[in-house]
$ cat query_13.cif   # mmCIF, C-alpha atoms and all ligand atoms
data_start
#
loop_
_atom_site.group_PDB
_atom_site.id
_atom_site.type_symbol
_atom_site.label_atom_id
_atom_site.label_comp_id
_atom_site.auth_asym_id
_atom_site.auth_seq_id
_atom_site.Cartn_x
_atom_site.Cartn_y
_atom_site.Cartn_z
ATOM 1 C CA MET A 1 -2.081 8.165 -18.966
ATOM 2 C CA ASP A 2 -5.823 7.987 -18.370
ATOM 3 C CA MET A 3 -5.780 7.626 -14.560
ATOM 4 C CA PRO A 4 -9.591 7.345 -14.145
ATOM 5 C CA ALA A 5 -9.426 4.389 -16.594
ATOM 6 C CA VAL A 6 -6.591 2.875 -14.538
ATOM 7 C CA GLN A 7 -8.741 3.243 -11.417
ATOM 8 C CA ARG A 8 -11.744 1.660 -13.142
ATOM 9 C CA ARG A 9 -9.659 -1.322 -14.220
ATOM 10 C CA LYS A 10 -8.103 -1.711 -10.753
ATOM 11 C CA ASN A 11 -11.535 -1.529 -9.110
ATOM 12 C CA ALA A 12 -12.904 -4.165 -11.508
ATOM 13 C CA VAL A 13 -9.979 -6.540 -10.791
ATOM 14 C CA VAL A 14 -10.367 -6.056 -7.023
ATOM 15 C CA ALA A 15 -14.166 -6.440 -7.174
ATOM 16 C CA ALA A 16 -13.908 -9.717 -9.135
ATOM 17 C CA SER A 17 -11.461 -11.148 -6.607
ATOM 18 C CA ARG A 18 -13.501 -9.919 -3.632
ATOM 19 C CA ASP A 19 -16.817 -11.157 -5.032
ATOM 20 C CA GLY A 20 -15.301 -14.558 -5.835
ATOM 21 C CA LEU A 21 -13.998 -14.942 -2.284
ATOM 22 C CA GLU A 22 -17.300 -13.863 -0.784
ATOM 23 C CA ARG A 23 -19.306 -16.300 -2.959
ATOM 24 C CA TRP A 24 -16.951 -19.112 -1.996
ATOM 25 C CA LEU A 25 -17.289 -18.362 1.734
ATOM 26 C CA ARG A 26 -21.069 -17.973 1.548
ATOM 27 C CA GLY A 27 -21.354 -21.331 -0.215
ATOM 28 C CA MET A 28 -19.392 -23.100 2.498
ATOM 29 C CA GLU A 29 -21.271 -25.291 4.998
ATOM 30 C CA ARG A 30 -21.344 -23.956 8.574
ATOM 31 C CA CYS A 31 -19.801 -20.638 7.521
ATOM 32 C CA THR A 32 -21.759 -17.375 7.937
ATOM 33 C CA VAL A 33 -20.441 -14.117 6.501
ATOM 34 C CA PHE A 34 -21.336 -10.797 8.146
ATOM 35 C CA LEU A 35 -20.361 -7.585 6.370
ATOM 36 C CA GLY A 36 -19.667 -4.746 8.811
ATOM 37 C CA HIS A 37 -17.295 -3.303 11.374
ATOM 38 C CA ALA A 38 -16.658 -5.864 14.154
ATOM 39 C CA ARG A 39 -16.310 -4.653 17.739
ATOM 40 C CA PHE A 40 -15.686 -6.695 20.876
ATOM 41 C CA GLU A 41 -18.434 -6.660 23.525
ATOM 42 C CA SER A 42 -16.560 -9.092 25.795
ATOM 43 C CA ALA A 43 -13.800 -11.696 25.522
ATOM 44 C CA THR A 44 -16.271 -14.089 23.871
ATOM 45 C CA GLU A 45 -18.659 -11.730 22.029
ATOM 46 C CA VAL A 46 -18.307 -9.644 18.898
ATOM 47 C CA ARG A 47 -20.891 -7.132 17.697
ATOM 48 C CA VAL A 48 -21.519 -6.479 13.992
ATOM 49 C CA GLY A 49 -24.258 -3.870 13.654
ATOM 50 C CA ASP A 50 -27.327 -5.239 15.496
ATOM 51 C CA THR A 51 -25.993 -8.805 15.688
ATOM 52 C CA VAL A 52 -23.879 -10.193 18.531
ATOM 53 C CA VAL A 53 -21.933 -13.366 17.733
ATOM 54 C CA SER A 54 -20.394 -15.397 20.541
ATOM 55 C CA ALA A 55 -17.748 -18.095 20.565
ATOM 56 C CA PRO A 56 -15.309 -19.511 23.122
ATOM 57 C CA ARG A 57 -12.420 -18.609 20.833
ATOM 58 C CA ILE A 58 -12.279 -15.692 18.409
ATOM 59 C CA CYS A 59 -9.630 -15.342 15.705
ATOM 60 C CA ILE A 60 -8.753 -11.737 14.841
ATOM 61 C CA ASN A 61 -7.511 -11.337 11.279
ATOM 62 C CA VAL A 62 -7.855 -7.646 10.566
ATOM 63 C CA GLY A 63 -4.617 -7.095 8.623
ATOM 64 C CA GLY A 64 -2.263 -4.167 9.076
ATOM 65 C CA ARG A 65 -1.926 -0.500 8.142
ATOM 66 C CA ALA A 66 1.089 1.383 6.861
ATOM 67 C CA LEU A 67 3.416 2.610 9.592
ATOM 68 C CA VAL A 68 4.345 6.246 9.012
ATOM 69 C CA PRO A 69 7.834 6.613 10.509
ATOM 70 C CA ALA A 70 8.620 9.676 12.631
ATOM 71 C CA LEU A 71 10.981 11.162 10.044
ATOM 72 C CA PRO A 72 11.797 14.836 10.655
ATOM 73 C CA GLY A 73 9.141 17.091 9.125
ATOM 74 C CA VAL A 74 6.810 14.278 8.024
ATOM 75 C CA GLU A 75 3.900 15.881 9.924
ATOM 76 C CA ARG A 76 4.325 19.104 7.909
ATOM 77 C CA VAL A 77 3.869 17.612 4.429
ATOM 78 C CA PRO A 78 1.011 15.755 2.768
ATOM 79 C CA TYR A 79 2.017 12.177 2.019
ATOM 80 C CA LEU A 80 0.537 9.057 0.494
ATOM 81 C CA THR A 81 0.632 5.494 1.825
ATOM 82 C CA ASN A 82 0.167 2.178 0.022
ATOM 83 C CA THR A 83 -3.616 2.602 0.533
ATOM 84 C CA SER A 84 -4.084 6.202 -0.652
ATOM 85 C CA LEU A 85 -1.621 5.698 -3.531
ATOM 86 C CA LEU A 86 -3.925 3.017 -4.929
ATOM 87 C CA LYS A 87 -6.758 5.572 -5.042
ATOM 88 C CA LEU A 88 -4.833 8.334 -6.815
ATOM 89 C CA GLU A 89 -6.808 9.737 -9.742
ATOM 90 C CA VAL A 90 -4.202 12.218 -10.983
ATOM 91 C CA LEU A 91 -0.743 11.271 -12.185
ATOM 92 C CA PRO A 92 1.929 12.912 -9.985
ATOM 93 C CA ARG A 93 4.572 14.894 -11.877
ATOM 94 C CA HIS A 94 7.234 13.483 -9.549
ATOM 95 C CA LEU A 95 6.693 10.678 -7.037
ATOM 96 C CA VAL A 96 9.233 10.125 -4.252
ATOM 97 C CA VAL A 97 9.021 6.644 -2.747
ATOM 98 C CA VAL A 98 10.625 6.334 0.687
ATOM 99 C CA GLY A 99 11.693 2.719 1.153
ATOM 100 C CA GLY A 100 13.147 0.504 -1.539
ATOM 101 C CA SER A 101 11.615 -2.883 -0.781
ATOM 102 C CA TYR A 102 8.916 -4.938 -2.481
ATOM 103 C CA VAL A 103 5.835 -2.722 -2.211
ATOM 104 C CA GLY A 104 7.741 0.559 -2.693
ATOM 105 C CA LEU A 105 9.475 -0.766 -5.797
ATOM 106 C CA GLU A 106 6.213 -2.086 -7.253
ATOM 107 C CA PHE A 107 4.699 1.385 -6.931
ATOM 108 C CA ALA A 108 7.887 3.042 -8.251
ATOM 109 C CA GLN A 109 7.879 0.926 -11.416
ATOM 110 C CA MET A 110 4.111 1.299 -11.886
ATOM 111 C CA TYR A 111 4.147 5.096 -11.680
ATOM 112 C CA ARG A 112 7.279 5.369 -13.822
ATOM 113 C CA ARG A 113 5.502 3.322 -16.504
ATOM 114 C CA PHE A 114 2.437 5.555 -16.127
ATOM 115 C CA GLY A 115 4.741 8.499 -16.931
ATOM 116 C CA SER A 116 5.731 10.111 -13.592
ATOM 117 C CA GLU A 117 9.280 11.024 -12.688
ATOM 118 C CA VAL A 118 10.118 8.665 -9.815
ATOM 119 C CA THR A 119 12.827 8.762 -7.140
ATOM 120 C CA VAL A 120 13.329 5.913 -4.657
ATOM 121 C CA VAL A 121 15.054 6.810 -1.375
ATOM 122 C CA GLU A 122 16.447 3.883 0.636
ATOM 123 C CA LYS A 123 18.447 4.175 3.845
ATOM 124 C CA SER A 124 20.374 0.907 3.490
ATOM 125 C CA SER A 125 23.155 0.422 0.977
ATOM 126 C CA ARG A 126 21.040 -1.599 -1.467
ATOM 127 C CA LEU A 127 17.465 -2.267 -2.581
ATOM 128 C CA LEU A 128 15.577 -5.341 -1.319
ATOM 129 C CA ALA A 129 18.048 -6.004 1.499
ATOM 130 C CA ARG A 130 16.528 -9.454 2.199
ATOM 131 C CA GLU A 131 17.595 -10.701 -1.237
ATOM 132 C CA ASP A 132 21.098 -11.763 -2.321
ATOM 133 C CA GLU A 133 23.319 -8.876 -3.370
ATOM 134 C CA ASP A 134 23.377 -9.860 -7.033
ATOM 135 C CA VAL A 135 19.553 -9.806 -7.058
ATOM 136 C CA SER A 136 19.530 -6.294 -5.530
ATOM 137 C CA ASP A 137 22.054 -5.154 -8.138
ATOM 138 C CA ALA A 138 20.067 -6.649 -11.032
ATOM 139 C CA ILE A 139 16.824 -5.033 -9.846
ATOM 140 C CA ARG A 140 18.522 -1.675 -9.432
ATOM 141 C CA GLU A 141 19.881 -1.923 -12.988
ATOM 142 C CA ILE A 142 16.435 -2.783 -14.394
ATOM 143 C CA LEU A 143 14.726 0.087 -12.547
ATOM 144 C CA GLU A 144 17.427 2.624 -13.441
ATOM 145 C CA GLY A 145 17.149 1.405 -17.039
ATOM 146 C CA GLU A 146 13.465 2.447 -16.921
ATOM 147 C CA GLY A 147 14.490 5.939 -15.768
ATOM 148 C CA ILE A 148 13.849 5.607 -12.019
ATOM 149 C CA ALA A 149 16.294 7.617 -9.864
ATOM 150 C CA ILE A 150 17.556 5.573 -6.903
ATOM 151 C CA ARG A 151 19.296 6.997 -3.811
ATOM 152 C CA THR A 152 20.660 4.411 -1.384
ATOM 153 C CA ASP A 153 22.566 5.073 1.890
ATOM 154 C CA ALA A 154 20.062 7.891 2.421
ATOM 155 C CA GLU A 155 20.310 8.441 6.189
ATOM 156 C CA CYS A 156 19.495 12.137 5.929
ATOM 157 C CA ILE A 157 15.790 11.908 5.018
ATOM 158 C CA ARG A 158 13.714 14.876 6.169
ATOM 159 C CA PHE A 159 10.656 16.621 4.744
ATOM 160 C CA GLU A 160 9.692 20.239 4.248
ATOM 161 C CA PRO A 161 6.867 21.846 2.309
ATOM 162 C CA ARG A 162 7.887 24.041 -0.653
ATOM 163 C CA GLY A 163 5.210 26.181 -2.272
ATOM 164 C CA ASN A 164 2.178 24.179 -3.356
ATOM 165 C CA ASP A 165 4.128 21.504 -5.148
ATOM 166 C CA SER A 166 3.538 18.554 -2.828
ATOM 167 C CA ARG A 167 -0.053 17.519 -3.059
ATOM 168 C CA PRO A 168 -1.642 14.217 -2.073
ATOM 169 C CA ASN A 169 -4.379 12.723 -4.198
ATOM 170 C CA GLY A 170 -3.950 15.385 -6.851
ATOM 171 C CA SER A 171 -5.863 17.984 -4.805
HETATM 172 C C1 LIG B 1 0.546 -2.716 -2.151
HETATM 173 C C2 LIG B 1 0.696 -4.120 -1.594
HETATM 174 C C3 LIG B 1 1.146 -5.125 -2.447
HETATM 175 C C4 LIG B 1 1.276 -6.419 -1.950
HETATM 176 N N1 LIG B 1 1.685 -7.402 -2.809
HETATM 177 C C5 LIG B 1 1.756 -8.670 -2.383
HETATM 178 C C6 LIG B 1 2.115 -9.730 -3.266
HETATM 179 O O1 LIG B 1 2.376 -9.512 -4.460
HETATM 180 N N2 LIG B 1 2.180 -10.987 -2.776
HETATM 181 C C7 LIG B 1 1.896 -11.256 -1.457
HETATM 182 O O2 LIG B 1 1.962 -12.429 -1.066
HETATM 183 N N3 LIG B 1 1.545 -10.279 -0.600
HETATM 184 C C8 LIG B 1 1.471 -9.005 -1.019
HETATM 185 N N4 LIG B 1 1.110 -8.016 -0.132
HETATM 186 C C9 LIG B 1 0.848 -8.357 1.261
HETATM 187 C C10 LIG B 1 -0.556 -8.937 1.426
HETATM 188 O O3 LIG B 1 -1.514 -8.072 0.867
HETATM 189 C C11 LIG B 1 -0.842 -9.071 2.912
HETATM 190 O O4 LIG B 1 0.185 -9.866 3.500
HETATM 191 C C12 LIG B 1 -2.188 -9.779 3.109
HETATM 192 O O5 LIG B 1 -3.218 -9.020 2.517
HETATM 193 C C13 LIG B 1 -2.472 -9.910 4.583
HETATM 194 O O6 LIG B 1 -3.715 -10.599 4.703
HETATM 195 P P1 LIG B 1 -4.619 -10.441 5.964
HETATM 196 O O7 LIG B 1 -5.828 -11.269 5.746
HETATM 197 O O8 LIG B 1 -3.781 -10.689 7.171
HETATM 198 O O9 LIG B 1 -5.003 -8.875 6.022
HETATM 199 P P2 LIG B 1 -5.828 -7.987 4.984
HETATM 200 O O10 LIG B 1 -5.707 -8.479 3.597
HETATM 201 O O11 LIG B 1 -5.442 -6.585 5.300
HETATM 202 O O12 LIG B 1 -7.342 -8.241 5.453
HETATM 203 C C14 LIG B 1 -7.865 -7.755 6.685
HETATM 204 C C15 LIG B 1 -9.368 -7.529 6.500
HETATM 205 O O13 LIG B 1 -9.953 -7.221 7.759
HETATM 206 C C16 LIG B 1 -10.897 -6.165 7.592
HETATM 207 N N5 LIG B 1 -11.079 -5.497 8.898
HETATM 208 C C17 LIG B 1 -10.210 -4.696 9.575
HETATM 209 N N6 LIG B 1 -10.742 -4.287 10.756
HETATM 210 C C18 LIG B 1 -11.974 -4.832 10.821
HETATM 211 C C19 LIG B 1 -13.031 -4.789 11.792
HETATM 212 N N7 LIG B 1 -12.928 -4.129 12.966
HETATM 213 N N8 LIG B 1 -14.177 -5.467 11.530
HETATM 214 C C20 LIG B 1 -14.307 -6.166 10.393
HETATM 215 N N9 LIG B 1 -13.348 -6.257 9.439
HETATM 216 C C21 LIG B 1 -12.196 -5.603 9.660
HETATM 217 C C22 LIG B 1 -10.279 -5.268 6.525
HETATM 218 O O14 LIG B 1 -11.267 -4.461 5.919
HETATM 219 C C23 LIG B 1 -9.704 -6.349 5.565
HETATM 220 O O15 LIG B 1 -10.682 -6.770 4.639
HETATM 221 C C24 LIG B 1 0.977 -6.707 -0.594
HETATM 222 C C25 LIG B 1 0.536 -5.682 0.257
HETATM 223 C C26 LIG B 1 0.401 -4.400 -0.236
HETATM 224 C C27 LIG B 1 -0.086 -3.319 0.696
#
$ encode --input "query_13.cif" --output "structure tokens"
Amino acid sequence: MDMPAVQRRKNAVVAASRDGLERWLRGMERCTVFLGHARFESATEVRVGDTVVSAPRICINVGGRALVPALPGVERVPYLTNTSLLKLEVLPRHLVVVGGSYVGLEFAQMYRRFGSEVTVVEKSSRLLAREDEDVSDAIREILEGEGIAIRTDAECIRFEPRGNDSRPNGS
């Protein structure tokens, strides 16, 4: 797998979507787009670089970041999140995905198809616990059919470094 080519394609897809959204917003009447890190100056003022914008009501829509759970040993190993995994330029020999729901399974299938060994570790008794049981079973069968190892009922998750074999971002 040519991971730099994968990255180039991903970046092009993201850039097209981002540019399209920005053009659409900039073309909208009474809408001004500022690019930069927003910081509050007061309850009614936000600073972006040298500009201060004020309004009686401000809507904050800054998204979310991955929550890294306090699993035993997690602070002693390098790990990836949904953000850093999208920037990976080297194919991992073996990727362990902790959490068998939508985003984790998307990454598991993607990296398996790229050629990594992949193991999914899920603490509940089935994948995608919000879906009906037959859906969870069917998805498990499809993923196992692609060679992904799946461990459910995994209550004993802990991490420890071994040699130099767990490296984030291929470094
Ligand atoms: C790997 C992955 C796959 C997903 N797949 C799907 C899917 O298939 N279908 C689906 O419906 N959802 C999917 N989601 C979920 C979806 O991406 C999120 O629900 C959605 O992006 C949330 O939109 P948002 O606008 O709230 O936040 P975001 O999309 O995170 O946008 C927040 C924006 O605010 C900006 N920002 C943050 N802080 C500041 C600041 N101080 N000043 C200025 N700007 C700031 C950020 O740079 C970002 O551009 C997926 C998520 C992930 C991580």
$ closest_residue --input "query_13.cif" --among "A:Leu71, A:Ile58, A:Val77, A:Ala154" --to "Phe40 (chain A)" --atoms "all atoms listed in the file"
A:Ile58
$ residues_near_ligand --input "query_13.cif" --ligand "ligand LIG 1 (chain B)" --cutoff "6 Å" --atoms "only C-alpha atoms and all ligand atoms" --output "ChimeraX atom specification"
/A:36-39,61-64,82,103
$ atom_distance --input "query_13.cif" --atom1 "CA of Ser124 (chain A)" --atom2 "CA of Asp153 (chain A)"
5.0 Å
$ resolve_selection --input "query_13.cif" --expression "the PyMOL selection byres (((chain A and resi 101) around 8) and not hetatm)" --output "ChimeraX atom specification"
/A:99-100,102-105,127-129
$ atom_distance --input "query_13.cif" --atom1 "CA of Val120 (chain A)" --atom2 "CA of Val98 (chain A)"
6.0 Å
$ residues_near_point --input "query_13.cif" --point "(12.7, 10.9, 3.5)" --cutoff "9 Å" --atoms "only C-alpha atoms" --output "list in words"
Leu71, Pro72, Val74, Val96, Val97, Val98, Gly99, Val121, Glu122, Lys123, Ala154, Glu155, Cys156, Ile157, Arg158 and Phe159 of chain A
$ resolve_selection --input "query_13.cif" --expression "the PyMOL selection byres (((chain A and resi 118) around 8) and not hetatm)" --output "PDB file with C-alpha atoms, keeping the file's coordinate frame"
ATOM      1  CA  HIS A  94       7.234  13.483  -9.549  1.00  0.00           C
ATOM      2  CA  LEU A  95       6.693  10.678  -7.037  1.00  0.00           C
ATOM      3  CA  VAL A  96       9.233  10.125  -4.252  1.00  0.00           C
ATOM      4  CA  VAL A  97       9.021   6.644  -2.747  1.00  0.00           C
ATOM      5  CA  ALA A 108       7.887   3.042  -8.251  1.00  0.00           C
ATOM      6  CA  TYR A 111       4.147   5.096 -11.680  1.00  0.00           C
ATOM      7  CA  ARG A 112       7.279   5.369 -13.822  1.00  0.00           C
ATOM      8  CA  SER A 116       5.731  10.111 -13.592  1.00  0.00           C
ATOM      9  CA  GLU A 117       9.280  11.024 -12.688  1.00  0.00           C
ATOM     10  CA  THR A 119      12.827   8.762  -7.140  1.00  0.00           C
ATOM     11  CA  VAL A 120      13.329   5.913  -4.657  1.00  0.00           C
ATOM     12  CA  GLY A 147      14.490   5.939 -15.768  1.00  0.00           C
ATOM     13  CA  ILE A 148      13.849   5.607 -12.019  1.00  0.00           C
ATOM     14  CA  ALA A 149      16.294   7.617  -9.864  1.00  0.00           C
TER      15      ALA A 149
END
$ atom_distance --input "query_13.cif" --atom1 "CA of Pro161 (chain A)" --atom2 "CA of Arg76 (chain A)"
6.7 Å
$ residues_around --input "query_13.cif" --residues "Met3 (chain A)" --least-positions-apart "2" --cutoff "9 Å" --atoms "all atoms listed in the file" --output "list in words"
Met1, Ala5, Val6, Gln7, Arg8, Leu88, Glu89, Val90, Leu91 and Phe114 of chain A
$ residues_around --input "query_13.cif" --residues "Val46 (chain A)" --least-positions-apart "3" --cutoff "12 Å" --atoms "only C-alpha atoms" --output "ChimeraX atom specification"
/A:34,36-43,49-60
$ axis_aligned_box --input "query_13.cif" --around "region 124-142 of chain A" --padding-each-side "4 Å" --output "lines of an AutoDock Vina configuration file"
center_x = 19.5
center_y = -5.4
center_z = -5.5
size_x = 15.8
size_y = 20.7
size_z = 25.9
$ closest_residue --input "query_13.cif" --among "A:Gly73, A:Ser125, A:Lys87, A:Leu35" --to "Ile150 (chain A)" --atoms "only C-alpha atoms"
A:Ser125
$ decode --input "query_13.cif" --residues "region 50-73 of chain A" --atoms "N, CA and C atoms" --output "mmCIF file, in the first residue's frame"
data_model
loop_
_atom_site.group_PDB
_atom_site.id
_atom_site.type_symbol
_atom_site.label_atom_id
_atom_site.label_comp_id
_atom_site.auth_asym_id
_atom_site.auth_seq_id
_atom_site.Cartn_x
_atom_site.Cartn_y
_atom_site.Cartn_z
ATOM 1 N N ASP A 50 -6.574 40.141 14.880
ATOM 2 C CA ASP A 50 -6.686 41.553 15.275
ATOM 3 C C ASP A 50 -8.128 42.044 15.284
ATOM 4 N N THR A 51 -9.066 41.186 14.895
ATOM 5 C CA THR A 51 -10.465 41.627 14.776
ATOM 6 C C THR A 51 -11.277 41.180 15.987
ATOM 7 N N VAL A 52 -12.112 42.086 16.501
ATOM 8 C CA VAL A 52 -13.035 41.703 17.581
ATOM 9 C C VAL A 52 -14.455 41.807 17.022
ATOM 10 N N VAL A 53 -15.195 40.714 17.119
ATOM 11 C CA VAL A 53 -16.566 40.675 16.602
ATOM 12 C C VAL A 53 -17.486 40.622 17.812
ATOM 13 N N SER A 54 -18.557 41.450 17.795
ATOM 14 C CA SER A 54 -19.463 41.399 18.939
ATOM 15 C C SER A 54 -20.882 41.085 18.498
ATOM 16 N N ALA A 55 -21.610 40.430 19.374
ATOM 17 C CA ALA A 55 -22.992 40.056 19.096
ATOM 18 C C ALA A 55 -23.678 39.752 20.423
ATOM 19 N N PRO A 56 -24.991 40.029 20.503
ATOM 20 C CA PRO A 56 -25.680 39.735 21.774
ATOM 21 C C PRO A 56 -25.714 38.239 22.074
ATOM 22 N N ARG A 57 -25.744 37.433 21.029
ATOM 23 C CA ARG A 57 -25.734 35.978 21.236
ATOM 24 C C ARG A 57 -24.654 35.357 20.363
ATOM 25 N N ILE A 58 -23.895 34.452 20.927
ATOM 26 C CA ILE A 58 -22.812 33.800 20.179
ATOM 27 C C ILE A 58 -23.021 32.301 20.232
ATOM 28 N N CYS A 59 -23.020 31.664 19.067
ATOM 29 C CA CYS A 59 -23.196 30.204 19.009
ATOM 30 C C CYS A 59 -21.803 29.557 18.910
ATOM 31 N N ILE A 60 -21.515 28.676 19.827
ATOM 32 C CA ILE A 60 -20.208 27.979 19.807
ATOM 33 C C ILE A 60 -20.413 26.620 19.150
ATOM 34 N N ASN A 61 -19.663 26.382 18.076
ATOM 35 C CA ASN A 61 -19.823 25.100 17.367
ATOM 36 C C ASN A 61 -18.436 24.561 17.008
ATOM 37 N N VAL A 62 -17.672 24.272 18.065
ATOM 38 C CA VAL A 62 -16.268 23.923 17.846
ATOM 39 C C VAL A 62 -16.004 22.411 17.840
ATOM 40 N N GLY A 63 -17.043 21.598 17.770
ATOM 41 C CA GLY A 63 -16.838 20.156 17.625
ATOM 42 C C GLY A 63 -16.321 19.500 18.897
ATOM 43 N N GLY A 64 -15.779 18.314 18.756
ATOM 44 C CA GLY A 64 -15.281 17.569 19.907
ATOM 45 C C GLY A 64 -13.947 16.914 19.596
ATOM 46 N N ARG A 65 -13.262 16.464 20.637
ATOM 47 C CA ARG A 65 -12.001 15.733 20.455
ATOM 48 C C ARG A 65 -12.178 14.347 21.036
ATOM 49 N N ALA A 66 -11.314 13.432 20.633
ATOM 50 C CA ALA A 66 -11.388 12.071 21.158
ATOM 51 C C ALA A 66 -11.132 12.081 22.661
ATOM 52 N N LEU A 67 -11.934 11.308 23.384
ATOM 53 C CA LEU A 67 -11.693 11.132 24.820
ATOM 54 C C LEU A 67 -10.779 9.923 24.978
ATOM 55 N N VAL A 68 -9.639 10.132 25.643
ATOM 56 C CA VAL A 68 -8.744 8.994 25.892
ATOM 57 C C VAL A 68 -9.093 8.443 27.276
ATOM 58 N N PRO A 69 -9.681 7.258 27.359
ATOM 59 C CA PRO A 69 -10.115 6.758 28.662
ATOM 60 C C PRO A 69 -8.918 6.405 29.545
ATOM 61 N N ALA A 70 -9.133 6.478 30.861
ATOM 62 C CA ALA A 70 -8.036 6.230 31.809
ATOM 63 C C ALA A 70 -7.825 4.730 31.997
ATOM 64 N N LEU A 71 -7.542 4.027 30.903
ATOM 65 C CA LEU A 71 -7.300 2.585 31.003
ATOM 66 C C LEU A 71 -5.919 2.368 31.625
ATOM 67 N N PRO A 72 -5.749 1.318 32.417
ATOM 68 C CA PRO A 72 -4.455 1.110 33.067
ATOM 69 C C PRO A 72 -3.307 1.078 32.058
ATOM 70 N N GLY A 73 -2.292 1.876 32.297
ATOM 71 C CA GLY A 73 -1.085 1.858 31.466
ATOM 72 C C GLY A 73 -1.161 2.719 30.222
#
